[in-house]
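Enquirer: Before we start, here is the structure in question, set down as C-alpha coordinates.
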Amino acid sequence: MTTYDYVIVGAGSAGCVLAARLSEDPTVQVALIEAGGPDSAQEIHVPAAFPQLLKSGLDWDLDTEPEPGLGGRRAYLPRGKMFGGCSSMNAMIYIRGNRADYDGWAAAGADGWSYDQVLPYFKRSEGNERGADEYHGANGPLTVSESRSGHPLASAFVQAALQAGHKANDDFNGETQFGVGPYQLTQRGGLRCSTAVAFLHPALERPNLTVLPSALAHRVVIEGGRATGVEVERGGTVEVVRAEREVILSAGAYESPKLLMLSGIGPAGTLAAFGIDVVRDLPVGEGLQDHYMTLLNYRTDAESLLTAATPRNAELLRTEGRGPLTSNIGEAGGFFRSRDELTAPDLQFHAIPGLFQQEGLGALTEHGFAFGPCVLAPTSRGTVTLRSPRPDAAPRILHNYLTTAQDRDAIVAGLRIALEIAAQRAVTDIATEPCLVPDSDTDTDLLAFAQRNGQTLFHPTSTCAIGEVVDPELRVYDVPGLRVADASVFPTVPRGNTNAPTIMAAEKAADLITRATR
(Lines give C-alpha, C1' and ligand atoms only; values in the text may rest on other atoms or scores of the structure.)
Protein backbone atom coordinates (compact mmCIF):
# COMPACT_ATOMS: atom_id res chain seq x y z
CA MET A 1 0.00 0.00 0.00
CA THR A 2 1.41 3.35 -1.09
CA THR A 3 0.19 6.73 0.12
CA TYR A 4 0.03 10.01 -1.77
CA ASP A 5 -1.59 13.36 -1.11
CA TYR A 6 -3.71 13.23 -4.27
CA VAL A 7 -4.76 10.22 -6.30
CA ILE A 8 -6.13 10.96 -9.78
CA VAL A 9 -7.95 8.27 -11.77
CA GLY A 10 -7.60 8.66 -15.53
CA ALA A 11 -4.67 10.14 -17.48
CA GLY A 12 -6.92 11.61 -20.14
CA SER A 13 -7.86 15.10 -21.22
CA ALA A 14 -8.53 16.24 -17.64
CA GLY A 15 -6.28 13.92 -15.64
CA CYS A 16 -3.07 14.97 -17.40
CA VAL A 17 -3.86 18.61 -16.66
CA LEU A 18 -4.61 17.90 -13.01
CA ALA A 19 -1.48 15.81 -12.53
CA ALA A 20 0.68 18.53 -14.01
CA ARG A 21 -0.93 21.40 -12.11
CA LEU A 22 -1.11 19.69 -8.71
CA SER A 23 2.49 18.46 -8.94
CA GLU A 24 3.70 22.02 -9.48
CA ASP A 25 3.74 22.14 -5.68
CA PRO A 26 6.87 20.16 -4.74
CA THR A 27 5.57 19.56 -1.21
CA VAL A 28 2.75 17.25 -2.34
CA GLN A 29 2.85 13.73 -3.73
CA VAL A 30 0.57 13.02 -6.70
CA ALA A 31 -0.38 9.64 -8.17
CA LEU A 32 -1.96 9.32 -11.61
CA ILE A 33 -3.71 6.01 -12.37
CA GLU A 34 -4.29 5.05 -16.00
CA ALA A 35 -5.83 1.86 -17.38
CA GLY A 36 -3.95 2.27 -20.66
CA GLY A 37 -0.30 2.93 -21.34
CA PRO A 38 2.01 5.55 -22.83
CA ASP A 39 0.99 7.51 -25.91
CA SER A 40 3.82 6.09 -28.00
CA ALA A 41 1.95 4.86 -31.09
CA GLN A 42 2.79 6.80 -34.25
CA GLU A 43 -0.89 6.97 -35.22
CA ILE A 44 -1.52 9.12 -32.14
CA HIS A 45 0.88 11.85 -33.16
CA VAL A 46 0.36 11.92 -36.94
CA PRO A 47 -2.95 13.80 -37.08
CA ALA A 48 -4.49 12.21 -40.17
CA ALA A 49 -3.76 8.71 -38.84
CA PHE A 50 -6.01 8.82 -35.79
CA PRO A 51 -8.92 6.91 -37.43
CA GLN A 52 -6.58 3.90 -37.43
CA LEU A 53 -6.84 3.92 -33.62
CA LEU A 54 -10.56 3.12 -33.73
CA LYS A 55 -11.33 -0.42 -32.55
CA SER A 56 -7.66 -0.94 -31.66
CA GLY A 57 -6.18 -1.84 -28.30
CA LEU A 58 -5.91 1.90 -27.63
CA ASP A 59 -9.70 2.28 -27.80
CA TRP A 60 -12.11 1.37 -24.98
CA ASP A 61 -14.40 0.39 -27.89
CA LEU A 62 -17.73 0.97 -26.15
CA ASP A 63 -21.18 0.96 -27.67
CA THR A 64 -24.70 1.89 -26.67
CA GLU A 65 -27.68 -0.25 -25.94
CA PRO A 66 -30.15 -0.43 -28.86
CA GLU A 67 -31.13 3.21 -29.41
CA PRO A 68 -34.91 3.77 -29.65
CA GLY A 69 -34.43 6.98 -31.64
CA LEU A 70 -32.24 5.19 -34.19
CA GLY A 71 -34.54 2.30 -34.96
CA GLY A 72 -32.86 0.02 -32.44
CA ARG A 73 -29.38 0.53 -33.88
CA ARG A 74 -26.43 0.42 -31.50
CA ALA A 75 -24.00 3.34 -31.71
CA TYR A 76 -20.23 2.85 -31.57
CA LEU A 77 -18.52 4.96 -28.89
CA PRO A 78 -14.72 5.16 -29.25
CA ARG A 79 -12.72 6.42 -26.24
CA GLY A 80 -8.96 6.79 -25.90
CA LYS A 81 -7.19 4.27 -23.67
CA MET A 82 -3.71 5.76 -23.34
CA PHE A 83 -1.93 8.79 -21.89
CA GLY A 84 -3.92 11.78 -23.10
CA GLY A 85 -7.13 9.76 -23.34
CA CYS A 86 -9.46 11.13 -25.98
CA SER A 87 -7.14 14.09 -26.59
CA SER A 88 -4.79 11.46 -28.05
CA MET A 89 -7.34 10.21 -30.61
CA ASN A 90 -9.72 13.12 -31.27
CA ALA A 91 -9.97 15.53 -34.20
CA MET A 92 -7.96 18.19 -32.29
CA ILE A 93 -10.58 20.93 -32.85
CA TYR A 94 -10.21 23.77 -30.37
CA ILE A 95 -13.70 25.02 -29.57
CA ARG A 96 -14.81 26.31 -26.19
CA GLY A 97 -18.57 26.45 -26.52
CA ASN A 98 -20.80 29.48 -26.26
CA ARG A 99 -21.07 32.17 -23.62
CA ALA A 100 -24.69 31.08 -23.19
CA ASP A 101 -23.55 27.63 -22.05
CA TYR A 102 -21.56 28.83 -19.08
CA ASP A 103 -23.88 31.68 -18.14
CA GLY A 104 -26.69 29.11 -18.24
CA TRP A 105 -24.77 26.86 -15.87
CA ALA A 106 -24.22 29.73 -13.44
CA ALA A 107 -27.84 30.85 -13.61
CA ALA A 108 -28.92 27.31 -12.72
CA GLY A 109 -26.75 27.29 -9.59
CA ALA A 110 -23.22 26.43 -10.74
CA ASP A 111 -21.59 29.30 -8.89
CA GLY A 112 -18.23 30.24 -10.34
CA TRP A 113 -18.88 28.74 -13.78
CA SER A 114 -20.16 31.75 -15.75
CA TYR A 115 -18.42 32.59 -19.01
CA ASP A 116 -16.47 35.48 -17.52
CA GLN A 117 -15.37 33.25 -14.64
CA VAL A 118 -14.16 30.34 -16.78
CA LEU A 119 -12.55 32.41 -19.55
CA PRO A 120 -9.33 32.91 -17.52
CA TYR A 121 -8.92 29.13 -17.28
CA PHE A 122 -9.30 28.73 -21.03
CA LYS A 123 -6.66 31.42 -21.53
CA ARG A 124 -4.34 29.94 -18.89
CA SER A 125 -3.95 26.65 -20.77
CA GLU A 126 -3.90 28.15 -24.25
CA GLY A 127 -0.77 28.87 -26.28
CA ASN A 128 -2.42 30.32 -29.38
CA GLU A 129 -0.03 31.00 -32.23
CA ARG A 130 -2.09 34.08 -33.14
CA GLY A 131 -1.05 35.71 -29.87
CA ALA A 132 -2.92 36.95 -26.82
CA ASP A 133 -6.01 39.14 -26.89
CA GLU A 134 -9.29 39.61 -25.03
CA TYR A 135 -10.34 36.04 -25.75
CA HIS A 136 -7.07 34.14 -26.09
CA GLY A 137 -3.91 33.23 -24.23
CA ALA A 138 -0.51 32.83 -25.85
CA ASN A 139 1.68 31.43 -23.09
CA GLY A 140 -0.13 28.27 -21.97
CA PRO A 141 1.20 24.75 -22.51
CA LEU A 142 -1.56 23.72 -24.95
CA THR A 143 -0.50 24.80 -28.43
CA VAL A 144 -3.39 26.05 -30.57
CA SER A 145 -2.57 26.58 -34.22
CA GLU A 146 -3.95 27.04 -37.69
CA SER A 147 -4.44 23.98 -39.90
CA ARG A 148 -1.21 22.97 -41.64
CA SER A 149 -3.25 21.02 -44.18
CA GLY A 150 -5.76 23.57 -45.51
CA HIS A 151 -7.16 20.89 -47.79
CA PRO A 152 -8.94 22.25 -50.90
CA LEU A 153 -11.92 19.97 -50.30
CA ALA A 154 -12.46 21.49 -46.86
CA SER A 155 -12.02 24.96 -48.32
CA ALA A 156 -14.69 24.12 -50.91
CA PHE A 157 -17.21 23.61 -48.12
CA VAL A 158 -16.41 27.04 -46.69
CA GLN A 159 -16.75 28.67 -50.11
CA ALA A 160 -20.05 26.90 -50.76
CA ALA A 161 -21.42 28.02 -47.39
CA LEU A 162 -20.46 31.60 -48.22
CA GLN A 163 -22.16 31.24 -51.60
CA ALA A 164 -25.27 30.05 -49.75
CA GLY A 165 -25.33 33.30 -47.79
CA HIS A 166 -23.62 32.32 -44.55
CA LYS A 167 -21.00 34.59 -43.04
CA ALA A 168 -17.30 33.93 -42.60
CA ASN A 169 -15.92 33.57 -39.07
CA ASP A 170 -12.18 33.48 -38.44
CA ASP A 171 -12.50 32.88 -34.68
CA PHE A 172 -15.23 30.61 -33.35
CA ASN A 173 -13.91 31.29 -29.83
CA GLY A 174 -14.18 35.05 -30.17
CA GLU A 175 -17.08 37.47 -30.13
CA THR A 176 -19.52 35.18 -31.96
CA GLN A 177 -19.73 31.53 -32.93
CA PHE A 178 -21.99 32.00 -35.93
CA GLY A 179 -20.49 31.58 -39.39
CA VAL A 180 -18.12 29.26 -41.25
CA GLY A 181 -14.40 28.80 -41.60
CA PRO A 182 -11.43 26.56 -40.84
CA TYR A 183 -11.00 25.30 -37.29
CA GLN A 184 -8.06 26.06 -35.06
CA LEU A 185 -6.43 22.91 -33.75
CA THR A 186 -4.50 21.55 -30.79
CA GLN A 187 -1.40 20.91 -32.86
CA ARG A 188 2.26 21.81 -32.48
CA GLY A 189 4.38 21.93 -35.60
CA GLY A 190 1.77 19.92 -37.49
CA LEU A 191 1.68 17.12 -34.89
CA ARG A 192 -0.98 16.40 -32.26
CA CYS A 193 -0.70 18.41 -29.07
CA SER A 194 -2.68 16.27 -26.63
CA THR A 195 -2.87 16.94 -22.91
CA ALA A 196 -0.23 14.23 -22.54
CA VAL A 197 2.10 16.18 -24.84
CA ALA A 198 1.21 19.59 -23.42
CA PHE A 199 0.88 18.86 -19.71
CA LEU A 200 1.91 15.37 -18.64
CA HIS A 201 5.21 14.74 -20.42
CA PRO A 202 6.85 17.97 -19.19
CA ALA A 203 5.84 17.00 -15.63
CA LEU A 204 7.01 13.38 -15.70
CA GLU A 205 10.48 14.16 -14.39
CA ARG A 206 9.11 15.67 -11.20
CA PRO A 207 9.96 13.40 -8.26
CA ASN A 208 6.58 14.09 -6.66
CA LEU A 209 4.53 12.76 -9.60
CA THR A 210 4.02 9.00 -9.93
CA VAL A 211 2.19 7.57 -12.95
CA LEU A 212 0.74 4.07 -12.66
CA PRO A 213 -0.02 2.78 -16.19
CA SER A 214 -1.92 -0.39 -17.03
CA ALA A 215 -3.76 0.00 -13.74
CA LEU A 216 -7.50 -0.68 -13.75
CA ALA A 217 -9.36 1.16 -11.00
CA HIS A 218 -11.81 -1.15 -9.23
CA ARG A 219 -13.42 1.23 -6.77
CA VAL A 220 -12.90 4.23 -4.54
CA VAL A 221 -12.10 3.13 -1.00
CA ILE A 222 -14.44 4.84 1.44
CA GLU A 223 -13.77 4.56 5.16
CA GLY A 224 -15.92 6.25 7.77
CA GLY A 225 -17.80 8.00 4.98
CA ARG A 226 -14.61 9.54 3.54
CA ALA A 227 -12.71 8.67 0.36
CA THR A 228 -9.28 7.45 1.39
CA GLY A 229 -7.89 5.78 -1.72
CA VAL A 230 -8.46 3.75 -4.85
CA GLU A 231 -8.37 -0.02 -5.25
CA VAL A 232 -6.52 -0.86 -8.47
CA GLU A 233 -5.40 -3.95 -10.32
CA ARG A 234 -1.93 -4.03 -11.89
CA GLY A 235 -0.38 -7.12 -13.40
CA GLY A 236 -2.98 -9.35 -11.79
CA THR A 237 -2.37 -7.91 -8.31
CA VAL A 238 -4.99 -5.84 -6.50
CA GLU A 239 -3.68 -3.06 -4.26
CA VAL A 240 -4.92 0.12 -2.63
CA VAL A 241 -3.38 3.46 -3.56
CA ARG A 242 -4.13 5.70 -0.60
CA ALA A 243 -4.90 9.42 -0.71
CA GLU A 244 -4.19 11.56 2.34
CA ARG A 245 -6.06 14.55 0.95
CA GLU A 246 -8.28 13.74 -2.03
CA VAL A 247 -9.25 11.24 -4.68
CA ILE A 248 -10.12 12.89 -8.01
CA LEU A 249 -11.97 10.95 -10.71
CA SER A 250 -11.09 12.06 -14.25
CA ALA A 251 -12.10 8.91 -16.09
CA GLY A 252 -14.67 10.54 -18.37
CA ALA A 253 -18.43 10.67 -18.76
CA TYR A 254 -18.77 6.88 -19.07
CA GLU A 255 -16.14 5.55 -16.67
CA SER A 256 -16.33 8.11 -13.84
CA PRO A 257 -20.00 7.31 -13.10
CA LYS A 258 -19.26 3.59 -13.45
CA LEU A 259 -16.49 3.87 -10.88
CA LEU A 260 -18.70 5.83 -8.49
CA MET A 261 -21.41 3.20 -8.73
CA LEU A 262 -18.91 0.38 -8.13
CA SER A 263 -17.93 2.32 -5.01
CA GLY A 264 -21.48 2.48 -3.66
CA ILE A 265 -22.27 5.99 -4.86
CA GLY A 266 -25.24 6.14 -7.21
CA PRO A 267 -28.95 5.37 -7.53
CA ALA A 268 -29.82 3.11 -4.60
CA GLY A 269 -32.04 0.83 -6.68
CA THR A 270 -29.35 0.25 -9.29
CA LEU A 271 -26.69 -0.51 -6.68
CA ALA A 272 -28.95 -2.86 -4.74
CA ALA A 273 -29.70 -4.84 -7.90
CA PHE A 274 -25.98 -5.63 -8.15
CA GLY A 275 -25.50 -6.33 -4.46
CA ILE A 276 -23.46 -3.17 -3.91
CA ASP A 277 -23.81 -1.53 -0.50
CA VAL A 278 -25.14 2.01 -0.83
CA VAL A 279 -22.77 4.65 0.50
CA ARG A 280 -24.64 7.62 -0.98
CA ASP A 281 -27.87 7.64 -3.00
CA LEU A 282 -27.12 10.11 -5.83
CA PRO A 283 -28.32 10.34 -9.47
CA VAL A 284 -24.97 9.16 -10.85
CA GLY A 285 -25.07 8.27 -14.55
CA GLU A 286 -28.24 10.21 -15.29
CA GLY A 287 -28.47 13.20 -17.64
CA LEU A 288 -26.08 11.79 -20.27
CA GLN A 289 -25.76 14.10 -23.30
CA ASP A 290 -23.85 14.03 -26.57
CA HIS A 291 -23.71 15.66 -30.00
CA TYR A 292 -25.32 13.51 -32.69
CA MET A 293 -23.86 14.09 -36.18
CA THR A 294 -25.01 13.18 -39.68
CA LEU A 295 -22.81 13.68 -42.75
CA LEU A 296 -23.50 13.92 -46.47
CA ASN A 297 -20.89 12.10 -48.58
CA TYR A 298 -19.96 12.92 -52.19
CA ARG A 299 -17.54 11.33 -54.61
CA THR A 300 -15.02 13.48 -56.44
CA ASP A 301 -12.17 13.23 -58.93
CA ALA A 302 -10.14 15.67 -56.84
CA GLU A 303 -7.48 14.29 -54.56
CA SER A 304 -8.71 13.58 -51.04
CA LEU A 305 -7.19 12.20 -47.85
CA LEU A 306 -7.37 8.76 -49.47
CA THR A 307 -3.86 9.38 -50.81
CA ALA A 308 -2.48 11.32 -47.84
CA ALA A 309 0.01 8.63 -46.79
CA THR A 310 2.54 9.04 -49.60
CA PRO A 311 6.32 9.24 -49.09
CA ARG A 312 6.23 12.84 -50.30
CA ASN A 313 3.58 13.79 -47.75
CA ALA A 314 5.46 11.96 -45.01
CA GLU A 315 8.53 14.01 -45.89
CA LEU A 316 6.46 17.21 -45.84
CA LEU A 317 5.28 16.36 -42.35
CA ARG A 318 8.77 15.47 -41.15
CA THR A 319 10.61 18.47 -42.60
CA GLU A 320 8.03 21.25 -42.69
CA GLY A 321 5.18 20.13 -40.40
CA ARG A 322 2.57 20.60 -43.08
CA GLY A 323 0.64 18.73 -45.77
CA PRO A 324 -2.24 16.23 -45.83
CA LEU A 325 -0.85 14.11 -43.00
CA THR A 326 -1.37 17.08 -40.67
CA SER A 327 -5.09 17.00 -41.45
CA ASN A 328 -7.30 16.66 -38.39
CA ILE A 329 -9.99 15.15 -40.69
CA GLY A 330 -12.68 17.69 -39.65
CA GLU A 331 -10.75 20.65 -40.99
CA ALA A 332 -13.52 23.22 -41.39
CA GLY A 333 -17.07 23.84 -40.30
CA GLY A 334 -19.36 26.35 -38.79
CA PHE A 335 -22.21 27.19 -36.44
CA PHE A 336 -25.82 27.75 -37.45
CA ARG A 337 -29.30 28.08 -35.99
CA SER A 338 -32.24 25.91 -36.97
CA ARG A 339 -34.76 28.64 -36.08
CA ASP A 340 -34.47 32.38 -36.57
CA GLU A 341 -35.48 33.20 -33.00
CA LEU A 342 -32.47 31.44 -31.46
CA THR A 343 -29.75 33.69 -30.04
CA ALA A 344 -27.13 30.93 -29.83
CA PRO A 345 -26.35 28.21 -32.38
CA ASP A 346 -28.00 24.81 -32.12
CA LEU A 347 -26.17 23.25 -35.09
CA GLN A 348 -22.48 22.71 -35.79
CA PHE A 349 -21.01 21.52 -39.08
CA HIS A 350 -17.83 19.60 -39.76
CA ALA A 351 -16.28 19.31 -43.23
CA ILE A 352 -13.99 16.38 -44.04
CA PRO A 353 -11.73 16.10 -47.12
CA GLY A 354 -12.51 12.40 -47.47
CA LEU A 355 -15.44 10.03 -47.31
CA PHE A 356 -16.62 9.37 -43.75
CA GLN A 357 -19.20 6.61 -43.37
CA GLN A 358 -20.22 3.75 -41.11
CA GLU A 359 -19.36 5.66 -37.93
CA GLY A 360 -15.88 6.37 -39.23
CA LEU A 361 -15.17 2.67 -39.75
CA GLY A 362 -15.83 2.47 -43.48
CA ALA A 363 -12.79 1.62 -45.60
CA LEU A 364 -11.52 4.43 -47.84
CA THR A 365 -11.39 3.09 -51.40
CA GLU A 366 -12.27 6.16 -53.48
CA HIS A 367 -11.92 9.91 -53.40
CA GLY A 368 -14.68 11.93 -51.80
CA PHE A 369 -15.60 14.46 -49.16
CA ALA A 370 -18.21 14.80 -46.44
CA PHE A 371 -19.92 17.49 -44.40
CA GLY A 372 -22.97 17.82 -42.24
CA PRO A 373 -24.55 18.95 -38.99
CA CYS A 374 -24.68 17.81 -35.41
CA VAL A 375 -27.38 18.62 -32.87
CA LEU A 376 -25.47 21.13 -30.79
CA ALA A 377 -27.86 21.78 -27.90
CA PRO A 378 -29.60 18.41 -27.50
CA THR A 379 -32.63 17.99 -25.28
CA SER A 380 -32.42 14.18 -25.38
CA ARG A 381 -31.06 12.67 -22.17
CA GLY A 382 -29.53 9.26 -21.60
CA THR A 383 -28.05 7.15 -18.84
CA VAL A 384 -24.93 5.25 -17.86
CA THR A 385 -25.57 2.26 -15.62
CA LEU A 386 -23.73 -0.86 -14.57
CA ARG A 387 -23.76 -4.02 -16.63
CA SER A 388 -22.05 -6.06 -13.96
CA PRO A 389 -20.32 -5.53 -10.61
CA ARG A 390 -17.08 -6.59 -12.30
CA PRO A 391 -14.73 -3.60 -12.68
CA ASP A 392 -13.62 -4.80 -16.12
CA ALA A 393 -17.16 -4.91 -17.52
CA ALA A 394 -18.15 -2.09 -19.86
CA PRO A 395 -21.01 0.06 -18.58
CA ARG A 396 -24.47 0.02 -20.12
CA ILE A 397 -24.89 3.22 -22.09
CA LEU A 398 -28.11 4.59 -23.57
CA HIS A 399 -27.88 8.02 -25.19
CA ASN A 400 -31.49 8.29 -26.40
CA TYR A 401 -30.33 10.15 -29.51
CA LEU A 402 -33.13 11.94 -31.39
CA THR A 403 -35.83 10.93 -28.91
CA THR A 404 -37.21 14.46 -28.56
CA ALA A 405 -39.10 16.39 -31.21
CA GLN A 406 -36.74 19.34 -30.78
CA ASP A 407 -33.67 17.23 -31.57
CA ARG A 408 -35.36 15.61 -34.56
CA ASP A 409 -36.40 19.02 -35.88
CA ALA A 410 -32.85 20.32 -35.41
CA ILE A 411 -31.15 17.51 -37.33
CA VAL A 412 -33.70 17.83 -40.14
CA ALA A 413 -33.09 21.58 -40.33
CA GLY A 414 -29.35 20.97 -40.29
CA LEU A 415 -29.51 18.49 -43.14
CA ARG A 416 -31.61 20.92 -45.15
CA ILE A 417 -28.89 23.56 -44.64
CA ALA A 418 -26.32 20.97 -45.72
CA LEU A 419 -28.24 20.25 -48.94
CA GLU A 420 -28.44 23.98 -49.67
CA ILE A 421 -24.66 24.23 -49.28
CA ALA A 422 -24.20 21.14 -51.45
CA ALA A 423 -26.18 22.84 -54.24
CA GLN A 424 -23.66 25.70 -54.49
CA ARG A 425 -21.12 25.91 -57.27
CA ALA A 426 -18.10 25.38 -55.01
CA VAL A 427 -19.44 21.89 -54.30
CA THR A 428 -21.10 21.03 -57.61
CA ASP A 429 -17.89 21.88 -59.50
CA ILE A 430 -15.97 19.15 -57.66
CA ALA A 431 -18.62 16.54 -56.76
CA THR A 432 -18.95 13.83 -59.40
CA GLU A 433 -21.91 12.08 -57.79
CA PRO A 434 -23.56 11.52 -54.40
CA CYS A 435 -22.18 8.68 -52.33
CA LEU A 436 -24.40 8.81 -49.24
CA VAL A 437 -27.18 11.42 -49.16
CA PRO A 438 -30.90 11.53 -48.25
CA ASP A 439 -33.45 10.17 -50.69
CA SER A 440 -35.09 13.61 -50.87
CA ASP A 441 -35.35 16.86 -48.95
CA THR A 442 -38.65 15.98 -47.29
CA ASP A 443 -38.73 15.97 -43.51
CA THR A 444 -39.47 12.24 -43.53
CA ASP A 445 -36.51 11.32 -45.71
CA LEU A 446 -34.12 13.67 -43.93
CA LEU A 447 -34.99 12.23 -40.53
CA ALA A 448 -34.79 8.65 -41.81
CA PHE A 449 -31.35 9.40 -43.26
CA ALA A 450 -30.16 10.79 -39.93
CA GLN A 451 -31.48 7.81 -38.02
CA ARG A 452 -29.82 5.31 -40.37
CA ASN A 453 -26.47 7.00 -40.85
CA GLY A 454 -25.75 9.36 -37.96
CA GLN A 455 -23.18 8.83 -35.24
CA THR A 456 -21.71 10.29 -32.09
CA LEU A 457 -19.45 13.31 -32.38
CA PHE A 458 -17.57 11.80 -29.41
CA HIS A 459 -18.75 14.37 -26.84
CA PRO A 460 -20.43 12.59 -23.88
CA THR A 461 -21.03 14.75 -20.81
CA SER A 462 -23.13 15.40 -17.72
CA THR A 463 -23.32 12.03 -15.94
CA CYS A 464 -21.91 13.45 -12.68
CA ALA A 465 -23.32 16.92 -13.17
CA ILE A 466 -22.78 19.96 -10.99
CA GLY A 467 -25.88 20.37 -8.84
CA GLU A 468 -26.79 16.69 -9.12
CA VAL A 469 -23.76 14.61 -8.12
CA VAL A 470 -21.10 17.22 -7.35
CA ASP A 471 -21.24 20.73 -5.95
CA PRO A 472 -19.84 23.75 -7.84
CA GLU A 473 -16.41 22.95 -6.39
CA LEU A 474 -16.70 19.47 -7.93
CA ARG A 475 -16.91 17.70 -4.56
CA VAL A 476 -19.14 14.63 -4.54
CA TYR A 477 -22.07 15.39 -2.28
CA ASP A 478 -21.67 14.00 1.22
CA VAL A 479 -18.44 12.11 0.46
CA PRO A 480 -15.49 14.11 1.84
CA GLY A 481 -12.19 13.68 0.05
CA LEU A 482 -13.75 12.84 -3.33
CA ARG A 483 -14.12 15.02 -6.42
CA VAL A 484 -14.90 14.49 -10.07
CA ALA A 485 -13.14 16.62 -12.67
CA ASP A 486 -13.92 15.81 -16.28
CA ALA A 487 -16.72 16.34 -18.82
CA SER A 488 -19.13 14.35 -16.66
CA VAL A 489 -19.55 17.37 -14.36
CA PHE A 490 -20.90 19.67 -17.09
CA PRO A 491 -24.55 20.52 -16.34
CA THR A 492 -25.18 20.54 -20.10
CA VAL A 493 -23.03 19.68 -23.08
CA PRO A 494 -21.31 22.85 -24.37
CA ARG A 495 -22.08 24.13 -27.85
CA GLY A 496 -18.98 22.80 -29.56
CA ASN A 497 -16.24 20.21 -29.37
CA THR A 498 -15.71 19.33 -25.73
CA ASN A 499 -11.94 18.87 -25.37
CA ALA A 500 -11.17 22.52 -24.62
CA PRO A 501 -14.00 22.77 -22.03
CA THR A 502 -12.70 19.59 -20.36
CA ILE A 503 -9.22 21.06 -20.11
CA MET A 504 -10.72 24.27 -18.71
CA ALA A 505 -12.60 22.28 -16.07
CA ALA A 506 -9.38 20.55 -15.03
CA GLU A 507 -7.58 23.88 -14.77
CA LYS A 508 -10.35 25.21 -12.57
CA ALA A 509 -10.43 22.01 -10.52
CA ALA A 510 -6.72 22.32 -9.82
CA ASP A 511 -7.32 25.81 -8.42
CA LEU A 512 -10.27 24.63 -6.34
CA ILE A 513 -8.23 21.76 -4.90
CA THR A 514 -5.16 23.81 -4.04
CA ARG A 515 -7.24 26.60 -2.50
CA ALA A 516 -8.95 24.04 -0.26
CA THR A 517 -5.62 23.26 1.40
CA ARG A 518 -4.50 26.82 2.02
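Letters A, B, ... mark the chains of the C-alpha coordinates in the order given; residue numbers begin at 1 per chain; ligand numbers begin at 1, in order shown.
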At a cut-off of 8 Å, using only C-alpha atoms, what residues contact Glu231 in chain A? Leave out same-chain residues fewer than 6 positions from it and give the result as number ranges by chain.
Expert: A: 217-221, 238-241
Enquirer: With 10 Å as the cut-off and only C-alpha atoms counted, what is the closest atom pair between each nearby residue of range 413-475 of chain A and range 139-154 of chain A? Distances in Å to one decimal, ordered by chain and number, as a tab-separated table.
Expert:
```
residue	atom	partner	partner_atom	distance
A:Ala426	CA	A:Leu153	CA	9.5
A:Val427	CA	A:Leu153	CA	8.7
A:Ile430	CA	A:Leu153	CA	8.4
A:Ala431	CA	A:Leu153	CA	9.9
```
Enquirer: Could you check which of A:Met293, A:Ala168, A:Leu355, A:Ala465 is closest to Val412 in chain A, using only C-alpha atoms?
Expert: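 Distance minimum relative to Val412 in chain A lands on A:Met293.
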Enquirer: Go through A:Ala156, A:Ser338, A:Glu24, A:Leu262 one by one, measure the shortest atom-to-atom distance of each to Phe371 in chain A using only C-alpha atoms, and give the residue with the smallest value.
Expert: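 Among the listed residues, the smallest separation from Phe371 in chain A belongs to A:Ala156.
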Enquirer: Range 89-297 of chain A: which residues are helix (DSSP H, G or I) by DSSP, as a PyMOL selection string?
Expert: chain A and resi 99-107+115-125+152-163+195-203+252-262+268-273
Enquirer: May I have the residues within 8 Å of range 378-390 of chain A as a PyMOL selection string, using only C-alpha atoms and disregarding those fewer than 3 positions away in the same chain?
Expert: chain A and resi 254+257-258+261-262+270+274+276+285-291+375+393-404+406-407+463
Enquirer: Nearest to Ala227 in chain A among A:Pro345, A:Gly481, A:Pro311, A:Pro267, with distances taken over only C-alpha atoms: which residue is it?
Expert: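 For Ala227 in chain A, the nearest of the given residues is A:Gly481.
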Enquirer: Taking into account only C-alpha atoms, which residue in the set A:Asn98, A:Thr237, A:Asn169, A:Thr319 is nearest to Gly189 in chain A?
Expert: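 Looking at the shortest contact to Gly189 in chain A, the residue is A:Thr319.
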Enquirer: For a test of reading the model, state the distance in Å between CA of Asp133 in chain A and CA of Gln348 in chain A, rounded to one decimal.
Expert: 24.9 Å
Enquirer: Env of Gln357 in chain A: 8 Å cut, atoms = only C-alpha atoms, seq-sep filter 2 positions within chain, self excluded. Answer as an MDAnalysis selection string.
Expert: chainID A and resid 295 297 355 359:362 453
Enquirer: Please produce, as CSV, a per-residue contact table for range 153-202 of chain A versus range 38-58 of chain A (criterion: any atom at most 12 Å away, only C-alpha atoms considered), showing the nearest atom pair and its distance in Å to one decimal, sorted by chain then residue number.
Expert:
```
residue,atom,partner,partner_atom,distance
A:Leu185,CA,A:Pro47,CA,10.3
A:Thr186,CA,A:Pro47,CA,10.1
A:Gln187,CA,A:Pro47,CA,8.4
A:Arg188,CA,A:His45,CA,10.1
A:Gly189,CA,A:Val46,CA,10.9
A:Gly190,CA,A:Pro47,CA,7.7
A:Leu191,CA,A:His45,CA,5.6
A:Arg192,CA,A:His45,CA,5.0
A:Cys193,CA,A:His45,CA,7.9
A:Ser194,CA,A:His45,CA,8.6
A:Thr195,CA,A:Asp39,CA,10.6
A:Ala196,CA,A:Asp39,CA,7.6
A:Val197,CA,A:Asp39,CA,8.8
A:Leu200,CA,A:Pro38,CA,10.7
A:His201,CA,A:Asp39,CA,10.0
```
